[in-house]
$ cat entry-v3.cif   # mmCIF, C-alpha atoms
data_entry
loop_
_atom_site.group_PDB
_atom_site.id
_atom_site.type_symbol
_atom_site.label_atom_id
_atom_site.label_comp_id
_atom_site.auth_asym_id
_atom_site.auth_seq_id
_atom_site.Cartn_x
_atom_site.Cartn_y
_atom_site.Cartn_z
ATOM 1 C CA MET Q 1158 71.625 154.114 48.431
ATOM 2 C CA LEU Q 1159 68.361 152.196 48.126
ATOM 3 C CA PHE Q 1160 67.059 154.764 45.649
ATOM 4 C CA GLY Q 1161 70.156 154.293 43.496
ATOM 5 C CA TRP Q 1162 69.740 150.500 43.493
ATOM 6 C CA SER Q 1163 66.073 150.831 42.475
ATOM 7 C CA TRP Q 1164 67.013 153.111 39.613
ATOM 8 C CA LEU Q 1165 69.591 150.617 38.275
ATOM 9 C CA ALA Q 1166 67.493 147.486 38.776
ATOM 10 C CA HIS Q 1167 65.491 145.923 35.947
ATOM 11 C CA PRO Q 1168 63.023 143.014 35.673
ATOM 12 C CA TYR Q 1169 64.802 139.674 35.692
ATOM 13 C CA GLY Q 1170 63.971 136.676 33.500
ATOM 14 C CA GLY Q 1171 60.461 136.057 32.261
ATOM 15 C CA ILE Q 1172 57.071 134.661 33.262
ATOM 16 C CA SER Q 1173 54.287 133.364 31.047
ATOM 17 C CA ASP Q 1174 50.865 132.101 32.148
ATOM 18 C CA GLU Q 1175 48.473 130.645 29.588
ATOM 19 C CA PRO Q 1176 45.782 127.967 29.152
ATOM 20 C CA LEU Q 1177 46.923 124.419 28.497
ATOM 21 C CA GLU Q 1178 46.513 123.231 24.927
ATOM 22 C CA GLN Q 1179 44.363 120.215 24.143
ATOM 23 C CA ASP Q 1180 47.417 118.143 23.165
ATOM 24 C CA ASP Q 1181 48.855 118.626 26.668
ATOM 25 C CA LEU Q 1182 45.576 117.707 28.321
ATOM 26 C CA ALA Q 1183 45.290 114.583 26.179
ATOM 27 C CA ALA Q 1184 48.812 113.521 27.237
ATOM 28 C CA SER Q 1185 48.218 114.062 30.963
ATOM 29 C CA GLN Q 1186 47.705 110.338 31.711
ATOM 30 C CA ASP Q 1187 45.299 111.419 34.484
ATOM 31 C CA ALA Q 1188 48.095 113.140 36.421
ATOM 32 C CA ASP Q 1189 47.330 116.157 38.611
ATOM 33 C CA TYR Q 1190 50.275 118.114 37.273
ATOM 34 C CA GLU Q 1191 53.700 117.819 35.656
ATOM 35 C CA MET Q 1192 56.597 120.122 36.404
ATOM 36 C CA PHE Q 1193 60.135 120.235 35.079
ATOM 37 C CA LEU Q 1194 63.306 122.298 34.957
ATOM 38 C CA SER Q 1195 65.548 122.311 31.880
ATOM 39 C CA GLU Q 1196 69.000 123.885 31.915
ATOM 40 C CA SER Q 1197 71.880 124.131 29.495
ATOM 41 C CA VAL Q 1198 74.652 126.389 28.268
ATOM 42 C CA ALA Q 1199 73.925 129.046 25.650
ATOM 43 C CA TRP Q 1200 74.140 126.681 22.633
ATOM 44 C CA GLY Q 1201 72.009 123.972 24.228
ATOM 45 C CA ASP Q 1202 74.944 121.735 25.176
ATOM 46 C CA ASP Q 1203 74.946 119.621 28.343
ATOM 47 C CA PHE Q 1204 71.141 119.825 28.420
ATOM 48 C CA LYS Q 1205 69.615 118.440 31.644
ATOM 49 C CA THR Q 1206 65.949 118.062 32.573
ATOM 50 C CA VAL Q 1207 64.483 117.229 35.984
ATOM 51 C CA SER Q 1208 60.792 116.286 35.824
ATOM 52 C CA PHE Q 1209 58.115 115.595 38.434
ATOM 53 C CA ARG Q 1210 54.606 114.240 38.066
ATOM 54 C CA GLU Q 1211 51.924 113.660 40.705
ATOM 55 C CA LYS Q 1212 49.131 111.146 40.256
ATOM 56 C CA ASN Q 1213 46.799 109.616 42.869
ATOM 57 C CA ASP Q 1214 48.800 111.256 45.713
ATOM 58 C CA SER Q 1215 52.030 109.672 44.445
ATOM 59 C CA VAL Q 1216 54.921 111.802 43.193
ATOM 60 C CA PHE Q 1217 57.262 110.526 40.466
ATOM 61 C CA PHE Q 1218 60.650 111.775 39.312
ATOM 62 C CA LYS Q 1219 62.542 111.494 36.001
ATOM 63 C CA PHE Q 1220 65.917 112.774 34.821
ATOM 64 C CA THR Q 1221 66.908 113.287 31.162
ATOM 65 C CA TYR Q 1222 70.289 114.259 29.737
ATOM 66 C CA ASN Q 1223 71.212 115.409 26.203
ATOM 67 C CA MET Q 1224 74.849 116.026 25.311
ATOM 68 C CA CYS Q 1225 74.663 118.271 22.225
ATOM 69 C CA ASP Q 1226 72.289 120.112 19.956
ATOM 70 C CA ASP Q 1227 72.591 119.054 16.309
ATOM 71 C CA THR Q 1228 72.556 122.407 14.515
ATOM 72 C CA ASP Q 1229 71.400 122.865 10.937
ATOM 73 C CA TYR Q 1230 70.140 125.693 8.761
ATOM 74 C CA ASP Q 1231 67.026 125.580 6.625
ATOM 75 C CA TYR Q 1232 68.023 127.808 3.712
ATOM 76 C CA ALA Q 1233 64.530 127.639 2.188
ATOM 77 C CA LYS Q 1234 63.002 129.162 5.322
ATOM 78 C CA TRP Q 1235 66.122 131.045 6.490
ATOM 79 C CA LYS Q 1236 65.784 129.466 9.909
ATOM 80 C CA LEU Q 1237 68.240 127.850 12.323
ATOM 81 C CA LYS Q 1238 67.157 124.374 13.434
ATOM 82 C CA SER Q 1239 68.347 122.394 16.452
ATOM 83 C CA GLN Q 1240 67.798 118.774 17.329
ATOM 84 C CA ARG Q 1241 68.910 116.972 20.467
ATOM 85 C CA GLY Q 1242 71.975 114.793 20.033
ATOM 86 C CA VAL Q 1243 73.333 112.019 22.278
ATOM 87 C CA SER Q 1244 70.778 111.497 25.046
ATOM 88 C CA SER Q 1245 70.023 109.487 28.150
ATOM 89 C CA ASP Q 1246 66.321 109.348 29.012
ATOM 90 C CA GLY Q 1247 65.509 108.011 32.471
ATOM 91 C CA LYS Q 1248 62.396 106.257 33.724
ATOM 92 C CA TRP Q 1249 59.761 107.564 36.129
ATOM 93 C CA ILE Q 1250 60.729 106.728 39.732
ATOM 94 C CA LEU Q 1251 58.349 106.799 42.709
ATOM 95 C CA LEU Q 1252 59.576 109.176 45.434
ATOM 96 C CA ASP Q 1253 59.275 108.573 49.174
ATOM 97 C CA SER Q 1254 57.093 110.768 51.391
ATOM 98 C CA LYS Q 1255 59.950 113.080 52.443
ATOM 99 C CA LYS Q 1256 61.014 113.872 48.871
ATOM 100 C CA SER Q 1257 57.379 114.124 47.758
ATOM 101 C CA ALA Q 1258 56.836 116.836 50.375
ATOM 102 C CA VAL Q 1259 59.804 118.772 48.940
ATOM 103 C CA VAL Q 1260 58.301 118.548 45.434
ATOM 104 C CA ARG Q 1261 54.888 119.782 46.603
ATOM 105 C CA LYS Q 1262 56.512 122.723 48.373
ATOM 106 C CA LEU Q 1263 58.514 123.426 45.208
ATOM 107 C CA LYS Q 1264 55.300 123.441 43.165
ATOM 108 C CA LYS Q 1265 53.862 126.144 45.434
ATOM 109 C CA SER Q 1266 57.041 128.197 45.016
ATOM 110 C CA VAL Q 1267 56.711 127.968 41.224
ATOM 111 C CA GLU Q 1268 53.018 128.924 41.410
ATOM 112 C CA ASN Q 1269 53.703 131.912 43.660
ATOM 113 C CA TYR Q 1270 56.859 133.150 41.955
ATOM 114 C CA SER Q 1271 56.721 136.784 40.875
ATOM 115 C CA GLN Q 1272 59.297 138.566 38.758
ATOM 116 C CA GLU Q 1273 62.336 139.778 40.681
ATOM 117 C CA LEU Q 1274 64.633 142.717 40.014
ATOM 118 C CA SER Q 1275 68.343 142.508 39.248
ATOM 119 C CA THR Q 1276 71.141 144.992 38.670
ATOM 120 C CA ASP Q 1277 73.313 142.459 36.834
ATOM 121 C CA ASP Q 1278 73.407 141.995 33.051
ATOM 122 C CA VAL Q 1279 74.948 138.593 32.326
ATOM 123 C CA LEU Q 1280 75.005 138.056 28.562
ATOM 124 C CA ASP Q 1281 76.432 134.549 28.348
ATOM 125 C CA GLY Q 1282 76.449 131.379 30.428
ATOM 126 C CA ASN Q 1283 73.826 128.966 31.702
ATOM 127 C CA ALA Q 1284 70.090 129.330 31.248
ATOM 128 C CA SER Q 1285 67.242 127.392 32.800
ATOM 129 C CA SER Q 1286 63.486 127.346 32.424
ATOM 130 C CA VAL Q 1287 60.709 125.880 34.547
ATOM 131 C CA VAL Q 1288 57.400 124.639 33.175
ATOM 132 C CA LEU Q 1289 54.392 123.732 35.337
ATOM 133 C CA LYS Q 1290 51.498 122.033 33.574
ATOM 134 C CA ASP Q 1291 48.565 122.007 35.990
ATOM 135 C CA TYR Q 1292 46.134 119.508 34.458
ATOM 136 C CA LYS Q 1293 43.403 120.148 37.035
ATOM 137 C CA ARG Q 1294 43.405 123.899 36.512
ATOM 138 C CA LYS Q 1295 44.203 123.508 32.792
ATOM 139 C CA THR Q 1296 46.959 126.111 32.998
ATOM 140 C CA ARG Q 1297 50.595 126.290 31.970
ATOM 141 C CA ARG Q 1298 53.198 128.435 33.732
ATOM 142 C CA TRP Q 1299 56.649 129.072 32.250
ATOM 143 C CA LEU Q 1300 59.537 130.724 34.134
ATOM 144 C CA TYR Q 1301 62.767 131.777 32.442
ATOM 145 C CA PHE Q 1302 65.900 132.011 34.628
ATOM 146 C CA PRO Q 1303 69.008 133.198 32.707
ATOM 147 C CA ASN Q 1304 72.156 132.910 34.845
ATOM 148 C CA ALA Q 1305 70.146 133.006 38.064
ATOM 149 C CA LYS Q 1306 73.081 132.383 40.407
ATOM 150 C CA ARG Q 1307 75.146 135.155 38.832
ATOM 151 C CA SER Q 1308 72.206 137.569 38.714
ATOM 152 C CA ARG Q 1309 71.657 137.414 42.485
ATOM 153 C CA VAL Q 1310 67.923 136.735 42.452
ATOM 154 C CA TYR Q 1311 67.094 134.821 45.624
ATOM 155 C CA ASP Q 1312 63.720 133.249 44.765
ATOM 156 C CA ALA Q 1313 64.788 132.094 41.293
ATOM 157 C CA VAL Q 1314 68.013 130.596 42.668
ATOM 158 C CA THR Q 1315 66.079 128.782 45.420
ATOM 159 C CA ILE Q 1316 63.715 127.197 42.870
ATOM 160 C CA GLU Q 1317 66.564 126.265 40.546
ATOM 161 C CA LYS Q 1318 68.675 124.711 43.316
ATOM 162 C CA THR Q 1319 65.740 122.675 44.637
ATOM 163 C CA PHE Q 1320 65.302 121.089 41.212
ATOM 164 C CA GLU Q 1321 69.066 120.538 40.897
ATOM 165 C CA ASN Q 1322 69.192 118.715 44.242
ATOM 166 C CA PHE Q 1323 67.324 115.867 42.532
ATOM 167 C CA MET Q 1324 69.901 115.491 39.763
ATOM 168 C CA PRO Q 1325 71.918 112.268 39.927
ATOM 169 C CA PRO Q 1326 75.746 112.355 40.128
ATOM 170 C CA ARG Q 1327 77.280 113.298 36.788
ATOM 171 C CA GLU Q 1328 79.208 110.040 36.424
ATOM 172 C CA THR Q 1329 75.920 108.127 36.288
ATOM 173 C CA TYR Q 1330 74.851 109.682 32.969
ATOM 174 C CA THR Q 1331 78.083 110.715 31.200
ATOM 175 C CA THR Q 1332 81.794 109.955 31.439
ATOM 176 C CA LEU Q 1333 82.707 113.385 30.058
ATOM 177 C CA SER Q 1334 83.309 116.531 32.057
ATOM 178 C CA TYR Q 1335 81.367 119.689 31.266
ATOM 179 C CA LEU Q 1336 84.347 121.175 29.345
ATOM 180 C CA GLU Q 1337 84.838 117.949 27.370
ATOM 181 C CA VAL Q 1338 81.174 118.002 26.338
ATOM 182 C CA VAL Q 1339 81.413 121.613 25.151
ATOM 183 C CA LYS Q 1340 84.579 120.814 23.166
ATOM 184 C CA ARG Q 1341 82.995 117.764 21.521
ATOM 185 C CA CYS Q 1342 79.802 119.662 20.646
ATOM 186 C CA ASN Q 1343 81.647 122.703 19.305
ATOM 187 C CA GLY Q 1344 83.509 120.730 16.632
ATOM 188 C CA PRO Q 1345 80.580 120.062 14.239
ATOM 189 C CA ARG Q 1346 79.063 123.440 15.084
ATOM 190 C CA ASP Q 1347 82.235 125.315 14.167
ATOM 191 C CA VAL Q 1348 82.213 123.585 10.761
ATOM 192 C CA PHE Q 1349 78.587 124.628 10.286
ATOM 193 C CA VAL Q 1350 79.228 128.243 11.301
ATOM 194 C CA ASP Q 1351 82.332 128.434 9.086
ATOM 195 C CA SER Q 1352 80.462 127.108 6.040
ATOM 196 C CA THR Q 1353 77.576 129.525 6.675
ATOM 197 C CA VAL Q 1354 79.931 132.507 6.989
ATOM 198 C CA ARG Q 1355 81.809 131.497 3.818
ATOM 199 C CA SER Q 1356 78.517 131.188 1.935
ATOM 200 C CA GLN Q 1357 77.451 134.667 3.067
ATOM 201 C CA GLN Q 1358 80.856 136.108 2.117
ATOM 202 C CA ASN Q 1359 80.651 134.534 -1.349
ATOM 203 C CA ASN Q 1360 77.175 135.987 -1.853
ATOM 204 C CA THR Q 1361 78.422 139.427 -0.795
ATOM 205 C CA VAL Q 1362 81.365 139.264 -3.216
ATOM 206 C CA ALA Q 1363 79.038 138.175 -6.027
ATOM 207 C CA GLU Q 1364 76.747 141.137 -5.366
ATOM 208 C CA GLN Q 1365 79.694 143.535 -5.294
ATOM 209 C CA VAL Q 1366 80.914 142.240 -8.658
ATOM 210 C CA LYS Q 1367 77.437 142.359 -10.120
ATOM 211 C CA THR Q 1368 76.611 145.914 -9.069
ATOM 212 C CA PRO Q 1369 79.236 147.759 -11.219
ATOM 213 C CA ASN Q 1370 78.204 145.730 -14.279
ATOM 214 C CA GLN Q 1371 74.608 146.738 -13.769
ATOM 215 C CA LYS Q 1372 75.675 150.362 -13.402
ATOM 216 C CA ASP Q 1373 77.811 150.227 -16.597
ATOM 217 C CA SER Q 1374 74.901 148.731 -18.487
ATOM 218 C CA PHE Q 1375 72.607 151.477 -17.239
ATOM 219 C CA GLU Q 1376 75.086 154.205 -18.281
ATOM 220 C CA LEU Q 1377 75.513 152.561 -21.711
ATOM 221 C CA ASN Q 1378 71.801 152.557 -22.307
ATOM 222 C CA LYS Q 1379 71.617 156.252 -21.416
ATOM 223 C CA SER Q 1380 74.452 156.967 -23.851
ATOM 224 C CA GLU Q 1381 72.726 155.073 -26.659
ATOM 225 C CA GLU Q 1382 69.528 157.011 -26.041
ATOM 226 C CA LYS Q 1383 71.393 160.247 -26.695
#
$ encode --input "entry-v3.cif" --output "structure tokens"
Amino acid sequence: MLFGWSWLAHPYGGISDEPLEQDDLAASQDADYEMFLSESVAWGDDFKTVSFREKNDSVFFKFTYNMCDDTDYDYAKWKLKSQRGVSSDGKWILLDSKKSAVVRKLKKSVENYSQELSTDDVLDGNASSVVLKDYKRKTRRWLYFPNAKRSRVYDAVTIEKTFENFMPPRETYTTLSYLEVVKRCNGPRDVFVDSTVRSQQNNTVAEQVKTPNQKDSFELNKSEEK
């Protein structure tokens, strides 16, 4: 049974470790480290970020909420662009000693996290990522957790839930339910997708009309040569 599970299991999520860039180091404000979790649905709606920063043995917390991604398409570069929509950006709050201890333990969990295995392939839903900028070590660690709770990966879920425990009640940052947010954000996006699809269909029809004409012209030229 264990052999069968191992054969079906595959690496879950993603991990990236790299040196901190100079821009990050310049923006450190003499902090020891900064760590945050960002999570949203697939299109970037209902985007929440929980951030921590430690400086001079004091740990600070900040929560940020963005309702929708403003989606646009750069036709010159053939690239989809997204920009955060309605947002609520909190202020840094000093945590007490008990909560600070939880954050420091969480930091160690992020540092020590190694890629888990999962047998579940969840293609749609929520996704979260964790970033740890260690200014003293000049390193940056990024963890990607797609649908952690539905993928049954214990360590990733534990890290994600610890961050989420610091989130304020929903009614403090939006009056809309999760489903209402998705509905409101989907309206402009559906218009964008529809216009993009129509544009592609028109281009396809134009090419289909153009191709026979080109062929007829080619055949005519061959006939005239004879």
$ resolve_selection --input "entry-v3.cif" --expression "the PyMOL selection byres ((chain Q and resi 1283) around 6)" --output "PyMOL selection string"
chain Q and resi 1197-1198+1282+1284+1304
$ closest_residue --input "entry-v3.cif" --among "Q:Leu1182, Q:Ala1166, Q:Val1314, Q:Cys1225" --to "Thr1296 in chain Q" --atoms "all atoms listed in the file"
Q:Leu1182
$ atom_distance --input "entry-v3.cif" --atom1 "CA of Pro1168 in chain Q" --atom2 "CA of Ser1275 in chain Q"
6.4 Å
$ atom_distance --input "entry-v3.cif" --atom1 "CA of Ile1316 in chain Q" --atom2 "CA of Tyr1190 in chain Q"
17.2 Å
$ residues_around --input "entry-v3.cif" --residues "range 1319-1329 of chain Q" --least-positions-apart "5" --cutoff "12 Å" --atoms "all atoms listed in the file" --output "MDAnalysis selection string"
chainID Q and resid 1192:1196 1203 1205:1209 1217:1222 1245 1247 1250 1252 1256:1257 1259:1264 1266:1267 1285:1288 1312:1314 1334:1335
$ closest_residue --input "entry-v3.cif" --among "Q:Gln1179, Q:Lys1318, Q:Ile1172, Q:Asp1187" --to "Lys1293 in chain Q" --atoms "only C-alpha atoms"
Q:Asp1187
$ closest_residue --input "entry-v3.cif" --among "Q:Tyr1292, Q:Val1310, Q:Lys1340, Q:Glu1317" --to "Glu1178 in chain Q" --atoms "only C-alpha atoms"
Q:Tyr1292
$ decode --input "entry-v3.cif" --residues "range 1184-1195 of chain Q" --atoms "all heavy atoms" --output "PDB file, in the first residue's frame"
ATOM      1  N   ALA Q1184      15.511  48.845   1.027  1.00  0.00           N
ATOM      2  CA  ALA Q1184      14.196  49.125   1.605  1.00  0.00           C
ATOM      3  C   ALA Q1184      13.972  48.415   2.943  1.00  0.00           C
ATOM      4  O   ALA Q1184      12.857  48.409   3.464  1.00  0.00           O
ATOM      5  CB  ALA Q1184      13.109  48.707   0.620  1.00  0.00           C
ATOM      6  N   SER Q1185      15.007  47.851   3.509  1.00  0.00           N
ATOM      7  CA  SER Q1185      14.862  47.052   4.733  1.00  0.00           C
ATOM      8  C   SER Q1185      14.506  47.871   5.960  1.00  0.00           C
ATOM      9  O   SER Q1185      13.955  47.332   6.936  1.00  0.00           O
ATOM     10  CB  SER Q1185      16.156  46.288   5.007  1.00  0.00           C
ATOM     11  OG  SER Q1185      17.204  47.194   5.351  1.00  0.00           O
ATOM     12  N   GLN Q1186      14.842  49.174   5.964  1.00  0.00           N
ATOM     13  CA  GLN Q1186      14.599  50.043   7.116  1.00  0.00           C
ATOM     14  C   GLN Q1186      15.216  49.458   8.391  1.00  0.00           C
ATOM     15  O   GLN Q1186      14.637  49.530   9.476  1.00  0.00           O
ATOM     16  CB  GLN Q1186      13.104  50.294   7.297  1.00  0.00           C
ATOM     17  CG  GLN Q1186      12.444  50.959   6.115  1.00  0.00           C
ATOM     18  CD  GLN Q1186      10.968  51.246   6.337  1.00  0.00           C
ATOM     19  OE1 GLN Q1186      10.469  51.148   7.450  1.00  0.00           O
ATOM     20  NE2 GLN Q1186      10.262  51.593   5.273  1.00  0.00           N
ATOM     21  N   ASP Q1187      16.392  48.840   8.225  1.00  0.00           N
ATOM     22  CA  ASP Q1187      17.156  48.259   9.336  1.00  0.00           C
ATOM     23  C   ASP Q1187      16.422  47.123  10.049  1.00  0.00           C
ATOM     24  O   ASP Q1187      16.742  46.794  11.203  1.00  0.00           O
ATOM     25  CB  ASP Q1187      17.532  49.338  10.352  1.00  0.00           C
ATOM     26  CG  ASP Q1187      18.460  50.399   9.774  1.00  0.00           C
ATOM     27  OD1 ASP Q1187      19.305  50.029   8.931  1.00  0.00           O
ATOM     28  OD2 ASP Q1187      18.325  51.578  10.130  1.00  0.00           O
ATOM     29  N   ALA Q1188      15.449  46.519   9.418  1.00  0.00           N
ATOM     30  CA  ALA Q1188      14.757  45.375  10.008  1.00  0.00           C
ATOM     31  C   ALA Q1188      15.619  44.121   9.882  1.00  0.00           C
ATOM     32  O   ALA Q1188      16.488  44.029   9.006  1.00  0.00           O
ATOM     33  CB  ALA Q1188      13.420  45.156   9.313  1.00  0.00           C
ATOM     34  N   ASP Q1189      15.384  43.154  10.754  1.00  0.00           N
ATOM     35  CA  ASP Q1189      16.106  41.880  10.681  1.00  0.00           C
ATOM     36  C   ASP Q1189      15.572  41.030   9.530  1.00  0.00           C
ATOM     37  O   ASP Q1189      16.332  40.395   8.811  1.00  0.00           O
ATOM     38  CB  ASP Q1189      15.967  41.111  12.000  1.00  0.00           C
ATOM     39  CG  ASP Q1189      16.584  41.850  13.175  1.00  0.00           C
ATOM     40  OD1 ASP Q1189      17.512  42.649  12.950  1.00  0.00           O
ATOM     41  OD2 ASP Q1189      16.125  41.634  14.313  1.00  0.00           O
ATOM     42  N   TYR Q1190      14.264  41.031   9.397  1.00  0.00           N
ATOM     43  CA  TYR Q1190      13.631  40.264   8.322  1.00  0.00           C
ATOM     44  C   TYR Q1190      12.215  40.776   8.108  1.00  0.00           C
ATOM     45  O   TYR Q1190      11.641  41.477   8.963  1.00  0.00           O
ATOM     46  CB  TYR Q1190      13.589  38.765   8.650  1.00  0.00           C
ATOM     47  CG  TYR Q1190      12.729  38.419   9.841  1.00  0.00           C
ATOM     48  CD1 TYR Q1190      11.356  38.199   9.715  1.00  0.00           C
ATOM     49  CD2 TYR Q1190      13.287  38.322  11.118  1.00  0.00           C
ATOM     50  CE1 TYR Q1190      10.566  37.898  10.808  1.00  0.00           C
ATOM     51  CE2 TYR Q1190      12.508  38.026  12.221  1.00  0.00           C
ATOM     52  CZ  TYR Q1190      11.145  37.806  12.060  1.00  0.00           C
ATOM     53  OH  TYR Q1190      10.366  37.523  13.155  1.00  0.00           O
ATOM     54  N   GLU Q1191      11.639  40.404   6.973  1.00  0.00           N
ATOM     55  CA  GLU Q1191      10.229  40.652   6.676  1.00  0.00           C
ATOM     56  C   GLU Q1191       9.660  39.388   6.061  1.00  0.00           C
ATOM     57  O   GLU Q1191      10.319  38.729   5.254  1.00  0.00           O
ATOM     58  CB  GLU Q1191      10.069  41.838   5.727  1.00  0.00           C
ATOM     59  CG  GLU Q1191       8.617  42.253   5.525  1.00  0.00           C
ATOM     60  CD  GLU Q1191       8.492  43.574   4.777  1.00  0.00           C
ATOM     61  OE1 GLU Q1191       9.404  44.415   4.896  1.00  0.00           O
ATOM     62  OE2 GLU Q1191       7.465  43.751   4.084  1.00  0.00           O
ATOM     63  N   MET Q1192       8.469  39.045   6.452  1.00  0.00           N
ATOM     64  CA  MET Q1192       7.859  37.787   6.022  1.00  0.00           C
ATOM     65  C   MET Q1192       6.366  38.019   5.788  1.00  0.00           C
ATOM     66  O   MET Q1192       5.708  38.691   6.581  1.00  0.00           O
ATOM     67  CB  MET Q1192       8.079  36.741   7.123  1.00  0.00           C
ATOM     68  CG  MET Q1192       7.454  35.394   6.904  1.00  0.00           C
ATOM     69  SD  MET Q1192       7.934  34.206   8.215  1.00  0.00           S
ATOM     70  CE  MET Q1192       7.211  34.993   9.676  1.00  0.00           C
ATOM     71  N   PHE Q1193       5.854  37.486   4.686  1.00  0.00           N
ATOM     72  CA  PHE Q1193       4.428  37.666   4.441  1.00  0.00           C
ATOM     73  C   PHE Q1193       3.833  36.507   3.661  1.00  0.00           C
ATOM     74  O   PHE Q1193       4.532  35.796   2.932  1.00  0.00           O
ATOM     75  CB  PHE Q1193       4.150  38.981   3.703  1.00  0.00           C
ATOM     76  CG  PHE Q1193       4.831  39.133   2.376  1.00  0.00           C
ATOM     77  CD1 PHE Q1193       4.246  38.650   1.218  1.00  0.00           C
ATOM     78  CD2 PHE Q1193       6.058  39.774   2.277  1.00  0.00           C
ATOM     79  CE1 PHE Q1193       4.857  38.806  -0.015  1.00  0.00           C
ATOM     80  CE2 PHE Q1193       6.685  39.933   1.055  1.00  0.00           C
ATOM     81  CZ  PHE Q1193       6.084  39.447  -0.096  1.00  0.00           C
ATOM     82  N   LEU Q1194       2.529  36.323   3.859  1.00  0.00           N
ATOM     83  CA  LEU Q1194       1.745  35.361   3.093  1.00  0.00           C
ATOM     84  C   LEU Q1194       0.719  36.127   2.289  1.00  0.00           C
ATOM     85  O   LEU Q1194       0.040  37.018   2.813  1.00  0.00           O
ATOM     86  CB  LEU Q1194       1.043  34.356   4.003  1.00  0.00           C
ATOM     87  CG  LEU Q1194      -0.004  33.466   3.310  1.00  0.00           C
ATOM     88  CD1 LEU Q1194       0.136  32.012   3.737  1.00  0.00           C
ATOM     89  CD2 LEU Q1194      -1.430  33.944   3.603  1.00  0.00           C
ATOM     90  N   SER Q1195       0.602  35.789   0.996  1.00  0.00           N
ATOM     91  CA  SER Q1195      -0.425  36.361   0.129  1.00  0.00           C
ATOM     92  C   SER Q1195      -1.285  35.226  -0.401  1.00  0.00           C
ATOM     93  O   SER Q1195      -0.754  34.197  -0.833  1.00  0.00           O
ATOM     94  CB  SER Q1195       0.209  37.119  -1.042  1.00  0.00           C
ATOM     95  OG  SER Q1195       0.993  38.192  -0.570  1.00  0.00           O
TER      96      SER Q1195
END
